[in-house]
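As provided, target_33.txt (compact mmCIF, C-alpha atoms) reads as follows.
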# COMPACT_ATOMS: atom_id res chain seq x y z
CA MET A 232 105.67 100.07 92.04
CA THR A 233 103.44 97.56 93.77
CA ARG A 234 106.18 96.83 96.28
CA ILE A 235 106.35 100.47 97.33
CA MET A 236 102.54 100.72 97.49
CA HIS A 237 102.67 98.07 100.16
CA GLU A 238 105.09 99.91 102.44
CA MET A 239 103.15 103.09 101.69
CA SER A 240 99.95 101.77 103.27
CA ILE A 241 101.91 100.48 106.25
CA ALA A 242 103.72 103.84 106.64
CA GLN A 243 100.33 105.56 106.55
CA SER A 244 99.03 103.32 109.35
CA ILE A 245 102.12 104.10 111.44
CA VAL A 246 101.64 107.84 110.96
CA ASP A 247 97.94 107.53 111.86
CA ILE A 248 98.84 105.75 115.11
CA ALA A 249 101.53 108.36 115.89
CA ILE A 250 99.25 111.34 115.32
CA GLN A 251 96.37 109.77 117.28
CA THR A 252 98.75 109.11 120.18
CA MET A 253 100.08 112.66 120.06
CA GLU A 254 96.58 114.13 120.11
CA ALA A 255 95.46 111.82 122.90
CA ASN A 256 98.41 113.00 124.98
CA GLY A 257 97.95 116.70 124.21
CA GLY A 258 101.22 116.93 122.26
CA HIS A 259 102.03 119.16 119.30
CA VAL A 260 105.15 117.68 117.71
CA ILE A 261 106.43 114.18 116.99
CA HIS A 262 110.21 113.75 117.12
CA ALA A 263 110.52 110.04 116.55
CA VAL A 264 108.54 106.82 116.23
CA GLN A 265 110.07 103.56 117.42
CA LEU A 266 108.90 100.56 115.43
CA GLN A 267 109.45 96.88 116.17
CA LEU A 268 109.86 95.04 112.90
CA GLY A 269 110.13 91.25 112.81
CA LEU A 270 112.48 89.67 110.28
CA MET A 271 109.55 87.68 108.92
CA SER A 272 107.08 90.59 108.78
CA GLY A 273 107.48 90.86 105.01
CA VAL A 274 108.24 94.58 105.29
CA GLU A 275 111.36 96.03 103.70
CA PRO A 276 112.93 98.55 106.14
CA ASP A 277 114.47 100.77 103.43
CA SER A 278 111.22 101.06 101.50
CA LEU A 279 109.37 101.75 104.73
CA LEU A 280 111.75 104.59 105.67
CA PHE A 281 111.36 106.06 102.18
CA CYS A 282 107.56 105.90 102.39
CA PHE A 283 107.47 107.25 105.94
CA ASP A 284 109.22 110.44 104.82
CA ILE A 285 106.70 110.87 102.02
CA VAL A 286 103.53 110.27 104.04
CA THR A 287 104.61 112.47 106.96
CA LYS A 288 105.10 115.50 104.69
CA GLY A 289 102.59 118.21 105.50
CA THR A 290 101.35 116.39 108.62
CA LEU A 291 102.07 116.99 112.30
CA ALA A 292 104.61 114.20 112.03
CA GLN A 293 106.68 115.96 109.38
CA GLY A 294 110.39 115.67 110.18
CA ALA A 295 109.84 112.81 112.62
CA LYS A 296 112.38 110.03 112.54
CA LEU A 297 111.32 106.43 112.12
CA GLU A 298 113.56 104.23 114.26
CA ILE A 299 113.32 100.58 113.30
CA GLU A 300 114.26 97.85 115.74
CA THR A 301 114.67 94.55 113.90
CA ILE A 302 113.37 91.55 115.83
CA PRO A 303 114.91 88.14 115.06
CA ILE A 304 112.82 85.04 114.44
CA LYS A 305 112.53 82.86 117.52
CA GLY A 306 110.69 79.60 117.97
CA ARG A 307 109.60 77.44 120.87
CA CYS A 308 109.44 73.68 120.48
CA LEU A 309 106.00 72.37 121.37
CA ASP A 310 107.46 68.95 122.17
CA CYS A 311 110.44 69.80 124.41
CA ASP A 312 109.92 73.51 125.24
CA GLN A 313 113.33 74.48 123.84
CA GLU A 314 113.53 78.11 122.69
CA PHE A 315 115.86 78.88 119.81
CA GLY A 316 116.76 81.36 117.10
CA VAL A 317 115.39 80.30 113.72
CA GLU A 318 118.09 80.30 111.01
CA ASP A 319 117.34 80.07 107.28
CA TYR A 320 113.62 79.76 108.05
CA LYS A 321 114.10 76.23 109.39
CA PHE A 322 111.38 75.82 111.98
CA VAL A 323 112.94 72.63 113.33
CA CYS A 324 113.94 72.14 116.97
CA PRO A 325 117.76 71.96 117.26
CA LYS A 326 117.43 69.82 120.40
CA CYS A 327 114.85 67.15 119.58
CA GLY A 328 114.26 67.60 115.83
CA SER A 329 110.55 68.29 116.20
CA HIS A 330 108.76 70.27 113.47
CA PHE A 331 106.06 71.49 115.84
CA ILE A 332 107.37 74.96 116.53
CA GLN A 333 105.49 77.95 117.80
CA THR A 334 106.76 81.24 116.39
CA ILE A 335 107.35 83.47 119.41
CA SER A 336 108.94 86.42 117.64
CA GLY A 337 109.78 87.65 114.17
CA ARG A 338 106.30 88.65 112.98
CA GLU A 339 106.25 92.02 114.78
CA LEU A 340 104.96 95.12 113.06
CA LYS A 341 104.32 97.24 116.08
CA VAL A 342 104.62 100.87 117.07
CA ALA A 343 106.46 100.63 120.39
CA THR A 344 106.97 104.18 121.59
CA ILE A 345 106.54 107.72 120.33
CA ASP A 346 108.91 110.51 121.23
CA MET A 347 106.92 113.77 121.26
CA ASP A 348 106.26 117.06 122.99
CA MET B 179 108.53 112.93 126.34
CA GLU B 180 108.31 109.32 125.34
CA VAL B 181 104.91 107.68 125.15
CA LYS B 182 104.64 103.89 125.22
CA VAL B 183 102.15 102.70 122.61
CA MET B 184 102.75 99.04 121.67
CA THR B 185 100.10 99.12 118.98
CA ASP B 186 100.05 96.62 116.18
CA VAL B 187 100.18 98.40 112.84
CA MET B 188 97.86 95.76 111.39
CA ALA B 189 95.34 96.12 114.25
CA LYS B 190 92.74 97.97 112.18
CA ASN B 191 92.83 95.43 109.35
CA ASP B 192 92.87 92.49 111.76
CA ALA B 193 89.81 93.81 113.61
CA ILE B 194 87.78 93.97 110.38
CA SER B 195 89.13 90.57 109.36
CA ASP B 196 88.07 89.05 112.70
CA SER B 197 84.53 90.37 112.36
CA LEU B 198 84.29 89.04 108.78
CA LYS B 199 85.60 85.69 109.96
CA LYS B 200 82.86 85.51 112.57
CA GLU B 201 80.19 86.40 110.02
CA PHE B 202 81.42 83.74 107.56
CA LYS B 203 81.56 81.12 110.30
CA THR B 204 78.02 81.88 111.52
CA LYS B 205 76.67 81.71 107.98
CA GLY B 206 78.65 78.55 107.23
CA ILE B 207 80.46 80.14 104.29
CA PHE B 208 83.89 78.72 103.49
CA VAL B 209 86.17 81.57 102.43
CA CYS B 210 89.61 80.98 101.04
CA ASN B 211 92.30 83.46 100.08
CA LEU B 212 94.01 82.24 96.92
CA MET B 213 97.47 83.71 96.49
CA GLY B 214 100.57 83.31 94.32
CA SER B 215 102.86 85.05 91.84
CA PRO B 216 101.58 86.53 88.60
CA GLY B 217 101.51 83.63 86.16
CA ALA B 218 101.53 80.88 88.81
CA GLY B 219 98.21 79.65 87.43
CA LYS B 220 95.79 80.93 90.08
CA THR B 221 93.03 81.74 87.61
CA THR B 222 93.47 78.49 85.67
CA LEU B 223 93.37 76.47 88.90
CA LEU B 224 90.28 78.43 89.87
CA GLU B 225 88.56 77.68 86.54
CA THR B 226 89.35 73.98 86.92
CA THR B 227 88.21 73.99 90.56
CA LEU B 228 84.98 75.91 89.96
CA LYS B 229 83.85 73.50 87.25
CA GLU B 230 83.59 70.76 89.89
CA LEU B 231 82.80 72.78 93.03
CA SER B 232 79.83 74.55 91.47
CA LYS B 233 78.13 71.18 90.91
CA LYS B 234 77.92 70.67 94.69
CA PHE B 235 78.03 74.12 96.25
CA SER B 236 76.81 77.65 95.72
CA VAL B 237 80.08 79.43 94.95
CA ALA B 238 81.06 83.05 94.33
CA VAL B 239 84.43 84.52 93.43
CA ILE B 240 86.00 87.83 94.36
CA GLU B 241 88.75 88.81 91.92
CA GLY B 242 91.47 91.17 93.04
CA ASP B 243 93.36 92.73 90.16
CA LEU B 244 95.49 95.82 89.74
CA TYR B 245 93.64 97.43 86.85
CA THR B 246 92.00 94.95 84.51
CA THR B 247 88.93 92.72 84.43
CA ARG B 248 90.72 89.93 82.49
CA ASP B 249 90.54 87.36 85.27
CA ALA B 250 86.98 88.29 86.22
CA GLU B 251 85.93 87.72 82.59
CA ARG B 252 87.49 84.26 82.62
CA ILE B 253 85.62 83.37 85.81
CA HIS B 254 82.38 84.87 84.50
CA ALA B 255 82.64 82.49 81.55
CA THR B 256 82.44 79.52 83.95
CA GLY B 257 78.98 80.72 85.03
CA VAL B 258 80.02 81.39 88.65
CA PRO B 259 79.08 84.84 90.01
CA VAL B 260 82.19 87.01 90.18
CA LEU B 261 82.87 90.35 91.78
CA GLN B 262 85.80 92.44 90.64
CA ILE B 263 87.89 94.59 92.96
CA ASN B 264 90.45 96.78 91.23
CA THR B 265 93.14 97.81 93.64
CA VAL B 266 94.42 100.48 91.19
CA GLY B 267 98.09 99.74 91.77
CA GLY B 268 97.63 98.43 95.32
CA CYS B 269 99.54 95.21 95.76
CA HIS B 270 97.02 93.29 97.88
CA LEU B 271 93.41 93.07 99.00
CA ASP B 272 92.64 94.14 102.56
CA ALA B 273 89.78 93.31 104.90
CA GLN B 274 87.98 96.62 104.27
CA MET B 275 87.83 95.94 100.51
CA ILE B 276 86.25 92.54 101.16
CA GLN B 277 83.76 93.99 103.63
CA ASP B 278 82.75 96.66 101.09
CA ALA B 279 82.29 94.02 98.40
CA LEU B 280 80.09 91.67 100.42
CA GLY B 281 76.99 93.84 100.02
CA GLU B 282 76.88 92.74 96.40
CA LEU B 283 76.91 89.02 97.16
CA PRO B 284 73.91 86.85 98.12
CA MET B 285 75.39 86.09 101.55
CA ASP B 286 72.46 84.00 102.79
CA SER B 287 72.61 81.48 99.99
CA LEU B 288 76.36 81.05 99.53
CA ASP B 289 78.46 78.05 100.59
CA VAL B 290 81.84 79.18 99.29
CA ILE B 291 83.65 82.41 98.46
CA ILE B 292 87.02 82.12 96.78
CA VAL B 293 89.05 85.30 96.80
CA GLU B 294 91.75 85.47 94.16
CA ASN B 295 94.27 87.92 95.51
CA VAL B 296 96.56 90.20 93.51
CA GLY B 297 99.47 88.25 92.00
CA ASN B 298 102.24 88.81 94.52
CA LEU B 299 104.13 86.64 97.01
CA VAL B 300 104.78 89.37 99.58
CA CYS B 301 101.98 91.68 100.62
CA PRO B 302 98.84 89.52 100.43
CA ALA B 303 100.31 87.26 103.14
CA GLU B 304 100.26 90.08 105.66
CA PHE B 305 96.67 91.19 105.26
CA ASN B 306 94.06 88.85 106.69
CA ILE B 307 90.71 89.18 104.95
CA GLY B 308 88.48 87.05 107.17
CA GLU B 309 89.39 83.86 105.34
CA ALA B 310 89.14 80.37 106.82
CA MET B 311 92.42 79.56 105.12
CA LYS B 312 95.10 80.84 102.81
CA ILE B 313 96.08 78.80 99.79
CA THR B 314 99.22 79.56 97.80
CA VAL B 315 99.87 78.45 94.23
CA LEU B 316 103.51 77.92 93.27
CA SER B 317 104.33 76.83 89.74
CA VAL B 318 107.42 74.82 88.87
CA THR B 319 108.46 77.46 86.32
CA GLU B 320 109.06 79.97 89.13
CA GLY B 321 112.02 78.11 90.61
CA GLU B 322 112.43 76.11 93.82
CA ASP B 323 113.84 79.07 95.78
CA LYS B 324 110.47 80.79 96.21
CA PRO B 325 109.47 79.26 99.58
CA ILE B 326 112.74 80.30 101.20
CA LYS B 327 112.69 83.76 99.55
CA TYR B 328 109.08 84.47 100.50
CA PRO B 329 108.73 82.46 103.72
CA LEU B 330 105.75 84.26 105.24
CA ILE B 331 103.23 83.33 102.54
CA PHE B 332 104.26 79.66 102.66
CA LYS B 333 104.23 79.62 106.45
CA GLU B 334 100.73 81.10 106.59
CA SER B 335 99.13 78.82 104.00
CA LYS B 336 97.12 75.77 104.96
CA GLY B 337 97.14 74.52 101.38
CA ILE B 338 100.00 74.82 98.91
CA VAL B 339 99.41 73.89 95.29
CA LEU B 340 102.52 73.02 93.31
CA ASN B 341 101.24 73.73 89.83
CA LYS B 342 102.34 72.93 86.25
CA ILE B 343 104.01 69.65 87.27
CA ASP B 344 103.55 68.45 83.66
CA LEU B 345 106.46 70.82 82.88
CA LEU B 346 108.86 69.20 85.37
CA PRO B 347 110.81 67.32 82.66
CA TYR B 348 111.53 70.61 80.86
CA VAL B 349 112.48 73.00 83.67
CA PRO B 350 115.34 72.86 86.18
CA PHE B 351 113.04 72.81 89.22
CA ASN B 352 114.42 70.96 92.25
CA LYS B 353 111.16 69.63 93.64
CA GLU B 354 112.74 67.87 96.64
CA LYS B 355 114.38 71.13 97.74
CA ALA B 356 111.15 73.10 97.39
CA LEU B 357 109.18 70.49 99.35
CA GLU B 358 111.87 70.32 102.04
CA ASP B 359 111.87 74.11 102.49
CA ILE B 360 108.07 74.14 102.65
CA HIS B 361 108.14 71.33 105.23
CA ASN B 362 110.73 73.18 107.36
CA LEU B 363 108.61 76.32 107.30
CA ASN B 364 105.21 74.76 107.65
CA PRO B 365 105.14 71.04 108.52
CA THR B 366 101.35 70.79 108.64
CA ALA B 367 100.75 72.36 105.22
CA ASN B 368 98.77 70.25 102.78
CA VAL B 369 100.81 70.19 99.58
CA PHE B 370 99.19 69.22 96.27
CA GLU B 371 101.18 68.50 93.15
CA VAL B 372 98.92 69.28 90.23
CA SER B 373 98.75 70.12 86.56
CA CYS B 374 95.66 71.90 85.33
CA THR B 375 96.69 70.96 81.79
CA SER B 376 97.03 67.19 82.25
CA ARG B 377 94.62 67.15 85.26
CA GLU B 378 97.16 65.17 87.26
CA GLY B 379 96.54 65.58 91.00
CA ILE B 380 93.35 67.59 90.48
CA ASP B 381 91.05 64.97 92.00
CA THR B 382 93.10 64.78 95.21
CA TRP B 383 93.10 68.57 95.49
CA LEU B 384 89.35 68.78 94.88
CA SER B 385 88.45 66.08 97.38
CA TRP B 386 90.55 67.78 100.10
CA LEU B 387 88.96 71.17 99.34
CA THR B 388 85.48 69.63 99.37
CA LYS B 389 86.13 68.13 102.82
CA GLU B 390 87.34 71.50 104.15
CA ILE B 391 84.20 73.20 102.81
CA GLU B 392 81.97 70.56 104.41
CA LYS B 393 83.76 71.01 107.76
CA VAL B 394 82.87 74.71 107.75
CA LYS B 395 79.25 73.98 106.85
CA GLU B 396 78.92 71.38 109.61
CA ASN B 397 80.35 73.75 112.23
CA ALA B 398 78.12 76.68 111.33
Can you dump the structure from the file as structure tokens?
Amino acid sequence: MTRIMHEMSIAQSIVDIAIQTMEANGGHVIHAVQLQLGLMSGVEPDSLLFCFDIVTKGTLAQGAKLEIETIPIKGRCLDCDQEFGVEDYKFVCPKCGSHFIQTISGRELKVATIDMD
Amino acid sequence: MEVKVMTDVMAKNDAISDSLKKEFKTKGIFVCNLMGSPGAGKTTLLETTLKELSKKFSVAVIEGDLYTTRDAERIHATGVPVLQINTVGGCHLDAQMIQDALGELPMDSLDVIIVENVGNLVCPAEFNIGEAMKITVLSVTEGEDKPIKYPLIFKESKGIVLNKIDLLPYVPFNKEKALEDIHNLNPTANVFEVSCTSREGIDTWLSWLTKEIEKVKENA
């Protein structure tokens, strides 16, 4: 219950952004919304798709497809500049062993594009 | 046609959170977002913490709870002013809820606001609420796999309280594994091993928290 509530509020924000964008561009129908979703965003794609269908009902986005692009977790070592894919949530540089890692991707929760007319 | 948007879904919440953060910083109010599973011991840690903190600072508590006022009643009993936010099924507090609640707090005389979030290891981590720091409570009865299963909350927390360590002899909790996973996720996290029952580790936790509060006051 609480888990779904979470994706529900996120789905609502996505629909708000989509409808605002459509209106700002003088459109009248939304076909699809492309979403970038980081692996460490904490959002469950299946629940989000389920909630998206519910919150779009009766809105101008009804019938729109939510296309989710999963973004892997990547880090950059602050000591040696090495960029690498983070496996098993180990934010440790594979080259020099440093723990000082900047997360450069994997936290995305971003509406990328909207397909509309 | 395809319209490029590139808008962060959290942008609205983050904007409110940023403005709250500024307000807290200007007023020198230390705000922390206390998170953890249901039953991790957030409210008990809070009771123990408030007893000492309220001797030195003017403290208020915001209690996030699904439906009840149970936790708020426990905090009220400590004599610290408490404000209850019922999320009515919502799994987390967001920045707007905090902003709406602030009108009821004496903002000009406060040093500290502790926000006890809804018991949950997933959603609260994603919603910033203007806090200076996030603190997560993990109890040894929950199992050592929690950091790796819920990485975001442990990665985002500046303080991590490993609670109920008096129960370590009775539960199969691999402490080394939990600490290693936390370190791999978040090497600069301050980890405190405590028991609110035996009071082990409480003094170290309180002196760290006191220093963090004083830092915010000095930089106001």
Determine which residues of chain B sit within 10 Å of chain A, taking into account only C-alpha atoms, and present them as a ChimeraX atom specification.
/B:179-190,244,266-270,298-304,325-331,333,358-366
8 Å contact set for Arg307 (chain A), only C-alpha atoms, chain neighbours under 2 positions out, as a PDB file with C-alpha atoms, keeping the file's coordinate frame:
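Once written, part-v9.pdb looks like this:
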ATOM      1  CA  LYS A 305     112.530  82.860 117.520  1.00  0.00           C
ATOM      2  CA  LEU A 309     106.000  72.370 121.370  1.00  0.00           C
ATOM      3  CA  ASP A 312     109.920  73.510 125.240  1.00  0.00           C
ATOM      4  CA  GLN A 313     113.330  74.480 123.840  1.00  0.00           C
ATOM      5  CA  GLU A 314     113.530  78.110 122.690  1.00  0.00           C
ATOM      6  CA  PHE A 315     115.860  78.880 119.810  1.00  0.00           C
ATOM      7  CA  CYS A 324     113.940  72.140 116.970  1.00  0.00           C
ATOM      8  CA  ILE A 332     107.370  74.960 116.530  1.00  0.00           C
ATOM      9  CA  GLN A 333     105.490  77.950 117.800  1.00  0.00           C
ATOM     10  CA  THR A 334     106.760  81.240 116.390  1.00  0.00           C
ATOM     11  CA  ILE A 335     107.350  83.470 119.410  1.00  0.00           C
TER      12      ILE A 335
END
By how many Å are CA of Cys327 (chain A) and CA of Ala356 (chain B) apart?
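A separation of 23.3 Å between them.
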When you count only C-alpha atoms, which of these residues is closest to Lys312 (chain B): B:Leu231, B:Ala398, B:Val293, B:Leu198?
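Answer, going by the shortest atom-to-atom distance: B:Val293.
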What is the CA of Ser287 (chain B) to CA of Thr247 (chain B) distance in Å?
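Value for the CA of Ser287 (chain B)-CA of Thr247 (chain B) distance: 25.2 Å.
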Please list as a PyMOL selection string every residue within 10 Å of Gly337 (chain B), counting all atoms listed in the file and excluding residues in the same chain fewer than 5 positions away.
chain B and resi 210+212+311-315+332+366-370+383+386-387
Within 6 Å of Ile302 (chain A) using all atoms listed in the file, minus same-chain residues under 2 positions, as a list in words
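Contacts, in chain order: Leu268, Gly269, Leu270 and Gly337 of chain A.
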How far is it from CA of Gly206 (chain B) to CA of Asp289 (chain B), in Å with one decimal?
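Interatomic distance here is 6.7 Å.
Closest approach to Glu254 (chain A) among A:Ala292, A:Pro325, A:Cys308, A:Val317 is made by A:Ala292 (distances from all atoms listed in the file).
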If I put a ball of radius 12 Å at (103.3, 118.5, 109.1) in the file's coordinates, which residues poke into it when counting only C-alpha atoms, written as a PyMOL selection string?
chain A and resi 246+250+259-262+284-295
For the residues selected in the previous step, produce a file with C-alpha atoms as a short mmCIF file (atom, residue, chain, number, x, y, z; two decimals), keeping the file's coordinate frame.
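again.cif was written with the following content:
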data_model
loop_
_atom_site.label_atom_id
_atom_site.label_comp_id
_atom_site.auth_asym_id
_atom_site.auth_seq_id
_atom_site.Cartn_x
_atom_site.Cartn_y
_atom_site.Cartn_z
CA VAL A 246 101.64 107.84 110.96
CA ILE A 250 99.25 111.34 115.32
CA HIS A 259 102.03 119.16 119.30
CA VAL A 260 105.15 117.68 117.71
CA ILE A 261 106.43 114.18 116.99
CA HIS A 262 110.21 113.75 117.12
CA ASP A 284 109.22 110.44 104.82
CA ILE A 285 106.70 110.87 102.02
CA VAL A 286 103.53 110.27 104.04
CA THR A 287 104.61 112.47 106.96
CA LYS A 288 105.10 115.50 104.69
CA GLY A 289 102.59 118.21 105.50
CA THR A 290 101.35 116.39 108.62
CA LEU A 291 102.07 116.99 112.30
CA ALA A 292 104.61 114.20 112.03
CA GLN A 293 106.68 115.96 109.38
CA GLY A 294 110.39 115.67 110.18
CA ALA A 295 109.84 112.81 112.62
#
